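Have a look at the structure below before the remarks.
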Amino acid sequence: MRYNEEDYKKAVSDFSWKIPKDYNIVDVVEAHAKRNPDKIAVFWEDEAGNKRQVSFAELVRDAHRFGTALMKLGVKKGDPVLHLFPRVFETYVVQLGTFIAGAIAVPCSEMLRATEIAYRAKVSGATVIVADSSTVEAVETAGANSPLTTFIVVGEERDGWSSLSRLVEETSSLGKKASLTADDPMTISFTSGTTGNAKPVVQKHRWMYCHNQVTAHYWWGATEHDVIWATTAPGWAKWYWSPIGVGLTTGATQLLYNGRFDAERYLQLIERYKITRMCATPTEYRLFAQLPNMADYNVVLQGALSAGEPLNVDPIEAFKQAFGVTIRDGYGQTESICLVCNYPGLKVKPGAMGKPTPGPGVVLIDANGVPVRQGQIGEIALRPENPAIFDGYWNAPDLDKEAFAGGWYRTGDLAREDEDGYLFFEGRADDVILTSGYRIGPFEVEDALVSHPAVVEAAAVAAPHRERGEIVKAFVILARGYTPSEELITELQNHVKNVTAPYKYPRQIEFATELPKTTSGKIKRAVLKRREWEGWDRR
C-alpha cells in the first residue's frame, strides 16, 4: 500500500492495539503452512553456490520435530536456550522449534568470544545451547565457566554434542507443543550500552504481533505475495525485526544468503530470486552506489529499506536512478518495534528518519521529561506501558527501574521535528557507536583495550567514515615502558579482536597523555567525539 498525508494522519488517529491473548509466532507460521503448505518459506544460498529451499509445511514439520526433541532433553516452558550460528538454513528450524517447546530464544552472534558466550549463559540462566560447528571451540571454552550442560551442534558432528540433523531425523513422533500466550517471554536479546556489559532485553510474543501490525505493515509494506531479503544475521535483534518479524509473520517468501558482502553478487541475487522488498545497512547501500553498472540488472524491487544509522543522500539518489526505488529509513531499537519510518508513497526528505509510526506514540522530551517544542532537540521517548516496547530486562529489577524512571522509556537517541512532522536524528544521548549496522558500547572496546599490558586507560568514541557512517576510534594512554608506534596499533587492534567480537575493534587508535574527565573522574567521551566530528561533511 502507498500512503498520502491523509492516509497517514488517519492511521495515527484511528490506531488501537488489539492484541489477541493467545497470540504467538508458532500458531502464525502453522496457519501459513496449513493455508499454503507448498509455498516456499525460505530460499537459501551460500558463497560457494550451494542452494536449498524449504516450504512452510516442511519448516513446520522439522521445527516440531526439533521442539519435541528439546522437550525430551528436558527443556521446559520458560527455559532460555542460547542460539549461536551464522546465516545457516537451520536457523528457522531451531528458532521456531525452541518456541514450540515453550522455551525462550537467546540469539547470539557467531562472532562472540568465549567470555561473551559465558556471560550470556550466566545472565540468562541457559543450560542448553544450539551452535554452529564453526563456533564449537569458543562454546566449549565458555562451557567451563557457565551453566551450559547440553550442547547441540548445527553442521559437522562433534564429540560430546548432539547433532541437530540427527535429532530432527530421529524424532518421528511429534510431541504436544507448549501452550503459549501473548504474555509469554519469546526472546532475550543482549544489547550494548555505554557502561557495563550488554543488557538482556526481554520481548514477549505480543511484541511480534505489534511488530507485524506496525513494522511489517507501515514500513516494509510487505504481504504474503512478496519475496523479501534482509541482509542481517541471526544473532542480532534485527533478525527478529525482519526475517522473523516480517517474513514469517506475513507469510512472505524470503532469501537467506550466507556469504560476505559483494555488491555485484548481491545484485545478482536480487535479480535471480526476484526480490520485491529488501532491507540492508547504510554501508551496503553506499557500496552499491559505487558500482557504475547498477542499472544493468533486471530487478523487480518495489521497496528498499535502510536501518542502523543515518543514510546520506548519494546512495539514495544512485538507487533511485538505477531502479526507480527510493531507499526509506526506519528507526527502532532492540527494545522496541519500528518507532519512526519513511512510508511508502510519502515524500522522503534527505536526512530525515521519517515520521512517528501509528501506535507507539513517540514523544521528544527534554532532560526533565517535558515534551519539547517543534524544532527543538529532544530525546525520543515512550510511555512504559506501551506494548510497542519491551517489558523490562531479564531478572534485573535495578535495570528496569533505571530504564523506566520518570514515567518514560528513554531511547537515549536525540531528534528534532520539523514543521511537516518529520524527525531528524541529532545524535545519541549516550555514547553507543553505530557502525555498519552494528551497535557497539564504548565500554566493551575500552575493557578489551585495558586488558592489554600496554594500556593504562582508554576511551572509545564514534568517528566519521565515508562508507561505514561511523567507526570505532580509541584514545589510549600507554603504560610506562611503551611508546607509540604503528606496530603497537596493530597489536592492540588484534588484541581487541581476540578478546571480544572482531567487529568491535577500533579501526583508528590515537595515543594520548590524558583524557578529558568530569570532576567525578568519568571520561567525557562527548568532548572527544565532538573533536572528531567538527567540520565533517556527511555528503
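Chains: A, B, ... in order of the C-alpha cells. Residues: from 1 per chain. Ligands: from 1, in order shown.
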Counting only C-alpha atoms, which residues of range 201-287 of chain A fall within 9 Å of range 165-187 of chain A, and what is the closest atom pair for each with its distance in Å at one decimal, ordered by chain and rising number, as a tab-separated table?
```
residue	atom	partner	partner_atom	distance
A:Val201	CA	A:Thr187	CA	7.9
A:Val202	CA	A:Thr187	CA	5.8
A:Gln203	CA	A:Thr187	CA	5.4
A:Lys204	CA	A:Pro185	CA	4.1
A:His205	CA	A:Ala182	CA	4.8
A:Arg206	CA	A:Ala182	CA	4.4
A:Trp207	CA	A:Ala182	CA	8.0
A:Met208	CA	A:Ala182	CA	8.8
A:Tyr209	CA	A:Ala182	CA	8.3
```
Written selection (C-alpha atoms) as a PDB file, in the first residue's frame:
```pdb
ATOM      1  CA  VAL A 201      16.167  -7.292  26.801  1.00  0.00           C
ATOM      2  CA  VAL A 202      13.054  -9.476  27.156  1.00  0.00           C
ATOM      3  CA  GLN A 203      10.444  -9.453  24.396  1.00  0.00           C
ATOM      4  CA  LYS A 204       7.164 -11.309  24.768  1.00  0.00           C
ATOM      5  CA  HIS A 205       5.217 -12.946  21.951  1.00  0.00           C
ATOM      6  CA  ARG A 206       2.925  -9.935  21.866  1.00  0.00           C
ATOM      7  CA  TRP A 207       5.914  -7.889  20.615  1.00  0.00           C
ATOM      8  CA  MET A 208       5.820  -9.948  17.425  1.00  0.00           C
ATOM      9  CA  TYR A 209       2.147  -9.098  16.948  1.00  0.00           C
TER      10      TYR A 209
END
```
Would you write out, as JSON lines, a table of all residues in range 382-495 of chain A that have an atom no more than 10 Å from an atom of range 296-317 of chain A, listing for each the closest atom pair and the distance in Å to one decimal, considering only C-alpha atoms and ordering rows by chain and rising residue number?
```
{"residue": "A:Phe424", "atom": "CA", "partner": "A:Pro310", "partner_atom": "CA", "distance": 9.2}
{"residue": "A:Phe425", "atom": "CA", "partner": "A:Pro310", "partner_atom": "CA", "distance": 7.4}
{"residue": "A:Glu426", "atom": "CA", "partner": "A:Pro310", "partner_atom": "CA", "distance": 9.8}
{"residue": "A:Gly427", "atom": "CA", "partner": "A:Pro310", "partner_atom": "CA", "distance": 9.9}
{"residue": "A:Ile433", "atom": "CA", "partner": "A:Glu309", "partner_atom": "CA", "distance": 9.6}
{"residue": "A:Leu434", "atom": "CA", "partner": "A:Glu309", "partner_atom": "CA", "distance": 6.2}
{"residue": "A:Thr435", "atom": "CA", "partner": "A:Glu309", "partner_atom": "CA", "distance": 7.5}
{"residue": "A:Ser436", "atom": "CA", "partner": "A:Gly308", "partner_atom": "CA", "distance": 7.5}
{"residue": "A:Gly437", "atom": "CA", "partner": "A:Gly308", "partner_atom": "CA", "distance": 4.6}
{"residue": "A:Tyr438", "atom": "CA", "partner": "A:Gly308", "partner_atom": "CA", "distance": 7.2}
{"residue": "A:Arg439", "atom": "CA", "partner": "A:Gly308", "partner_atom": "CA", "distance": 7.9}
{"residue": "A:Arg466", "atom": "CA", "partner": "A:Asn312", "partner_atom": "CA", "distance": 9.5}
{"residue": "A:Glu467", "atom": "CA", "partner": "A:Asn312", "partner_atom": "CA", "distance": 9.8}
{"residue": "A:Arg468", "atom": "CA", "partner": "A:Glu309", "partner_atom": "CA", "distance": 9.2}
{"residue": "A:Gly469", "atom": "CA", "partner": "A:Glu309", "partner_atom": "CA", "distance": 7.3}
{"residue": "A:Glu470", "atom": "CA", "partner": "A:Glu309", "partner_atom": "CA", "distance": 8.6}
```
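For the residues A:Val12, A:Lys529, A:Ile440, A:Ala322, ranking by smallest atom-to-atom distance to Pro358 in chain A using only C-alpha atoms places A:Val12 first.
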Compare A:Val42, A:Val54, A:Cys108, A:Val130 by their minimum atom-to-atom distance to Ser189 in chain A, counting only C-alpha atoms, and give me the closest one. A:Cys108
Rounded to one decimal, what separation in Å do you get between CA of Gln254 in chain A and CA of Arg87 in chain A?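 A separation of 12.8 Å between them.
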For Lys355 in chain A, work out the shell of residues within 12 Å, counting only C-alpha atoms and skipping chain neighbours fewer than 5 positions away, then give it as an MDAnalysis selection string. chainID A and resid 5 8:9 12 218:219 328:331 338:344 346:349 360:363 415:425
Export of prior selection with N, CA and C atoms as a tab-separated table (two decimals), in the first residue's frame:
```tsv
chain	number	residue	atom	x	y	z
A	5	GLU	N	-0.66	11.91	2.79
A	5	GLU	CA	-0.68	12.55	4.10
A	5	GLU	C	-1.97	12.26	4.87
A	8	TYR	N	-1.90	8.78	6.30
A	8	TYR	CA	-1.03	8.71	7.47
A	8	TYR	C	-1.72	9.28	8.70
A	9	LYS	N	-2.32	10.45	8.56
A	9	LYS	CA	-2.99	11.08	9.69
A	9	LYS	C	-4.13	10.20	10.22
A	12	VAL	N	-2.76	7.22	12.20
A	12	VAL	CA	-2.31	7.61	13.54
A	12	VAL	C	-3.50	7.83	14.47
A	218	TYR	N	3.50	-0.75	8.00
A	218	TYR	CA	3.71	0.65	7.64
A	218	TYR	C	5.09	0.94	7.06
A	219	TRP	N	6.11	0.20	7.51
A	219	TRP	CA	7.46	0.46	6.99
A	219	TRP	C	7.79	-0.44	5.81
A	328	ARG	N	14.19	3.93	2.00
A	328	ARG	CA	13.46	4.57	3.09
A	328	ARG	C	14.03	4.15	4.44
A	329	ASP	N	14.45	5.13	5.20
A	329	ASP	CA	14.99	4.88	6.54
A	329	ASP	C	13.89	4.46	7.50
A	330	GLY	N	14.30	3.72	8.51
A	330	GLY	CA	13.40	3.39	9.62
A	330	GLY	C	14.21	3.38	10.90
A	331	TYR	N	13.52	3.61	12.02
A	331	TYR	CA	14.23	3.70	13.29
A	331	TYR	C	13.50	2.92	14.37
A	338	CYS	N	9.33	-0.75	15.21
A	338	CYS	CA	9.70	0.43	14.44
A	338	CYS	C	8.96	1.65	15.00
A	339	LEU	N	9.70	2.65	15.40
A	339	LEU	CA	9.12	3.83	16.05
A	339	LEU	C	8.97	5.01	15.10
A	340	VAL	N	9.85	5.10	14.13
A	340	VAL	CA	9.84	6.19	13.15
A	340	VAL	C	10.23	5.60	11.81
A	341	CYS	N	9.55	6.01	10.74
A	341	CYS	CA	9.94	5.49	9.42
A	341	CYS	C	9.45	6.39	8.31
A	342	ASN	N	10.00	6.18	7.14
A	342	ASN	CA	9.52	6.80	5.92
A	342	ASN	C	8.55	5.83	5.26
A	343	TYR	N	7.36	6.30	4.97
A	343	TYR	CA	6.27	5.44	4.49
A	343	TYR	C	6.26	5.33	2.97
A	344	PRO	N	5.83	4.17	2.46
A	344	PRO	CA	5.67	4.04	1.01
A	344	PRO	C	4.68	5.09	0.49
A	346	LEU	N	4.87	8.43	0.76
A	346	LEU	CA	5.11	9.76	1.31
A	346	LEU	C	6.47	10.28	0.89
A	347	LYS	N	6.58	11.58	0.85
A	347	LYS	CA	7.83	12.23	0.48
A	347	LYS	C	8.95	11.81	1.43
A	348	VAL	N	10.11	11.52	0.87
A	348	VAL	CA	11.29	11.22	1.69
A	348	VAL	C	12.18	12.45	1.69
A	349	LYS	N	12.36	13.02	2.88
A	349	LYS	CA	13.23	14.18	2.99
A	349	LYS	C	14.67	13.73	3.24
A	360	PRO	N	2.96	3.47	18.64
A	360	PRO	CA	3.88	3.69	19.75
A	360	PRO	C	3.72	5.03	20.47
A	361	GLY	N	3.38	6.09	19.73
A	361	GLY	CA	3.22	7.38	20.38
A	361	GLY	C	4.53	8.03	20.79
A	362	VAL	N	5.46	8.14	19.86
A	362	VAL	CA	6.77	8.75	20.13
A	362	VAL	C	6.62	10.21	20.56
A	363	VAL	N	7.37	10.59	21.58
A	363	VAL	CA	7.41	11.98	22.07
A	363	VAL	C	8.88	12.38	22.22
A	415	ALA	N	16.50	13.69	18.66
A	415	ALA	CA	15.93	14.02	17.35
A	415	ALA	C	15.30	15.40	17.40
A	416	ARG	N	15.02	15.91	16.21
A	416	ARG	CA	14.35	17.21	16.05
A	416	ARG	C	13.20	17.03	15.07
A	417	GLU	N	12.06	17.63	15.38
A	417	GLU	CA	10.90	17.53	14.50
A	417	GLU	C	10.76	18.82	13.69
A	418	ASP	N	10.58	18.68	12.36
A	418	ASP	CA	10.42	19.88	11.54
A	418	ASP	C	8.94	20.24	11.41
A	419	GLU	N	8.66	21.26	10.63
A	419	GLU	CA	7.29	21.78	10.52
A	419	GLU	C	6.33	20.80	9.85
A	420	ASP	N	6.84	19.80	9.15
A	420	ASP	CA	5.99	18.81	8.49
A	420	ASP	C	5.85	17.52	9.28
A	421	GLY	N	6.42	17.48	10.49
A	421	GLY	CA	6.30	16.29	11.32
A	421	GLY	C	7.36	15.25	11.08
A	422	TYR	N	8.39	15.56	10.29
A	422	TYR	CA	9.50	14.62	10.06
A	422	TYR	C	10.52	14.76	11.18
A	423	LEU	N	11.08	13.63	11.60
A	423	LEU	CA	12.10	13.64	12.63
A	423	LEU	C	13.49	13.51	12.00
A	424	PHE	N	14.43	14.27	12.54
A	424	PHE	CA	15.82	14.24	12.08
A	424	PHE	C	16.70	13.81	13.24
A	425	PHE	N	17.52	12.80	13.00
A	425	PHE	CA	18.41	12.28	14.03
A	425	PHE	C	19.48	13.30	14.37
```
What are the DSSP alpha helix (DSSP H) residues of range 72-191 of chain A, as a PyMOL selection string? chain A and resi 72+91-100+114-124+136-143+164-170
Write the residues of the preceding selection, restricted to N, CA and C atoms, as a short mmCIF file (atom, residue, chain, number, x, y, z; two decimals), in the first residue's frame.
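Written output follows (again-v9.cif):
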```
data_model
loop_
_atom_site.label_atom_id
_atom_site.label_comp_id
_atom_site.auth_asym_id
_atom_site.auth_seq_id
_atom_site.Cartn_x
_atom_site.Cartn_y
_atom_site.Cartn_z
N LYS A 72 12.22 -33.61 25.07
CA LYS A 72 12.76 -34.90 25.53
C LYS A 72 14.10 -34.74 26.23
N THR A 91 18.61 -22.19 10.92
CA THR A 91 18.23 -21.14 11.87
C THR A 91 16.73 -21.16 12.16
N TYR A 92 15.94 -21.20 11.11
CA TYR A 92 14.49 -21.11 11.27
C TYR A 92 13.93 -22.32 12.03
N VAL A 93 14.46 -23.49 11.74
CA VAL A 93 14.02 -24.71 12.42
C VAL A 93 14.32 -24.61 13.91
N VAL A 94 15.53 -24.17 14.23
CA VAL A 94 15.94 -24.07 15.64
C VAL A 94 15.09 -23.04 16.38
N GLN A 95 14.92 -21.89 15.79
CA GLN A 95 14.18 -20.83 16.48
C GLN A 95 12.71 -21.19 16.67
N LEU A 96 12.08 -21.64 15.60
CA LEU A 96 10.67 -22.00 15.71
C LEU A 96 10.50 -23.21 16.63
N GLY A 97 11.42 -24.16 16.54
CA GLY A 97 11.37 -25.34 17.41
C GLY A 97 11.51 -24.98 18.87
N THR A 98 12.35 -23.98 19.15
CA THR A 98 12.52 -23.50 20.53
C THR A 98 11.19 -22.99 21.08
N PHE A 99 10.47 -22.25 20.25
CA PHE A 99 9.17 -21.73 20.70
C PHE A 99 8.13 -22.84 20.84
N ILE A 100 8.21 -23.83 19.98
CA ILE A 100 7.29 -24.97 20.08
C ILE A 100 7.46 -25.68 21.42
N ALA A 114 34.48 -16.54 23.86
CA ALA A 114 34.07 -17.43 24.94
C ALA A 114 33.54 -16.67 26.15
N THR A 115 34.23 -15.60 26.53
CA THR A 115 33.78 -14.84 27.71
C THR A 115 32.40 -14.23 27.50
N GLU A 116 32.13 -13.80 26.28
CA GLU A 116 30.83 -13.19 25.98
C GLU A 116 29.72 -14.24 25.95
N ILE A 117 30.04 -15.42 25.45
CA ILE A 117 29.07 -16.53 25.44
C ILE A 117 28.76 -16.94 26.87
N ALA A 118 29.81 -17.08 27.68
CA ALA A 118 29.61 -17.47 29.08
C ALA A 118 28.78 -16.43 29.82
N TYR A 119 29.02 -15.16 29.55
CA TYR A 119 28.26 -14.08 30.19
C TYR A 119 26.77 -14.21 29.86
N ARG A 120 26.45 -14.44 28.59
CA ARG A 120 25.06 -14.54 28.19
C ARG A 120 24.39 -15.78 28.79
N ALA A 121 25.14 -16.86 28.91
CA ALA A 121 24.60 -18.07 29.53
C ALA A 121 24.32 -17.84 31.02
N LYS A 122 25.26 -17.19 31.70
CA LYS A 122 25.10 -16.93 33.13
C LYS A 122 23.92 -16.01 33.40
N VAL A 123 23.84 -14.91 32.65
CA VAL A 123 22.78 -13.92 32.88
C VAL A 123 21.40 -14.50 32.57
N SER A 124 21.30 -15.23 31.47
CA SER A 124 20.01 -15.81 31.09
C SER A 124 19.67 -17.05 31.91
N VAL A 136 32.21 -24.17 17.84
CA VAL A 136 32.33 -25.18 18.89
C VAL A 136 33.45 -24.87 19.88
N GLU A 137 34.62 -24.48 19.38
CA GLU A 137 35.76 -24.24 20.27
C GLU A 137 35.45 -23.15 21.29
N ALA A 138 34.88 -22.04 20.82
CA ALA A 138 34.54 -20.94 21.73
C ALA A 138 33.47 -21.37 22.73
N VAL A 139 32.48 -22.14 22.26
CA VAL A 139 31.41 -22.59 23.15
C VAL A 139 31.95 -23.53 24.23
N GLU A 140 32.82 -24.44 23.83
CA GLU A 140 33.37 -25.39 24.82
C GLU A 140 34.22 -24.67 25.86
N THR A 141 34.94 -23.65 25.44
CA THR A 141 35.70 -22.84 26.40
C THR A 141 34.75 -22.11 27.34
N ALA A 142 33.67 -21.59 26.79
CA ALA A 142 32.68 -20.88 27.61
C ALA A 142 31.97 -21.83 28.57
N GLY A 143 31.76 -23.05 28.12
CA GLY A 143 31.01 -24.01 28.92
C GLY A 143 31.58 -24.28 30.29
N LEU A 164 21.96 -31.66 15.52
CA LEU A 164 20.63 -31.14 15.17
C LEU A 164 19.97 -32.00 14.11
N SER A 165 20.72 -32.32 13.06
CA SER A 165 20.13 -33.09 11.97
C SER A 165 19.66 -34.46 12.44
N ARG A 166 20.44 -35.09 13.31
CA ARG A 166 20.03 -36.40 13.84
C ARG A 166 18.80 -36.27 14.74
N LEU A 167 18.77 -35.24 15.55
CA LEU A 167 17.61 -35.04 16.42
C LEU A 167 16.34 -34.89 15.60
N VAL A 168 16.43 -34.12 14.50
CA VAL A 168 15.27 -33.91 13.65
C VAL A 168 14.88 -35.20 12.92
N GLU A 169 15.90 -35.89 12.39
CA GLU A 169 15.63 -37.13 11.64
C GLU A 169 15.07 -38.24 12.52
N GLU A 170 15.57 -38.33 13.74
CA GLU A 170 15.21 -39.46 14.60
C GLU A 170 13.97 -39.20 15.46
#
```
Determine, counting only C-alpha atoms, which protein, DNA and RNA residues have an atom within 6 Å of an atom of Ser163 in chain A; residues of the same chain fewer than 4 positions away are not included. Present the result as a list in words. Ile152, Val153 and Glu157 of chain A
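Residues within 7 Å of Val106 in chain A, counting only C-alpha atoms and excluding same-chain residues fewer than 6 positions away, are Pro80, Val81, Leu82, His83, Thr187, Ile188 and Ser189 of chain A.
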Enumerate the residues of range 153-356 of chain A with a DSSP assignment of strand (DSSP E), computed from the backbone, and present them as an MDAnalysis selection string. chainID A and resid 153:154 162:163 185:191 199:204 227:230 253:258 277:280 303:306 327:332 338:341 352:356
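Coordinates place CA of Pro86 in chain A at a distance of 23.4 Å from CA of Thr250 in chain A.
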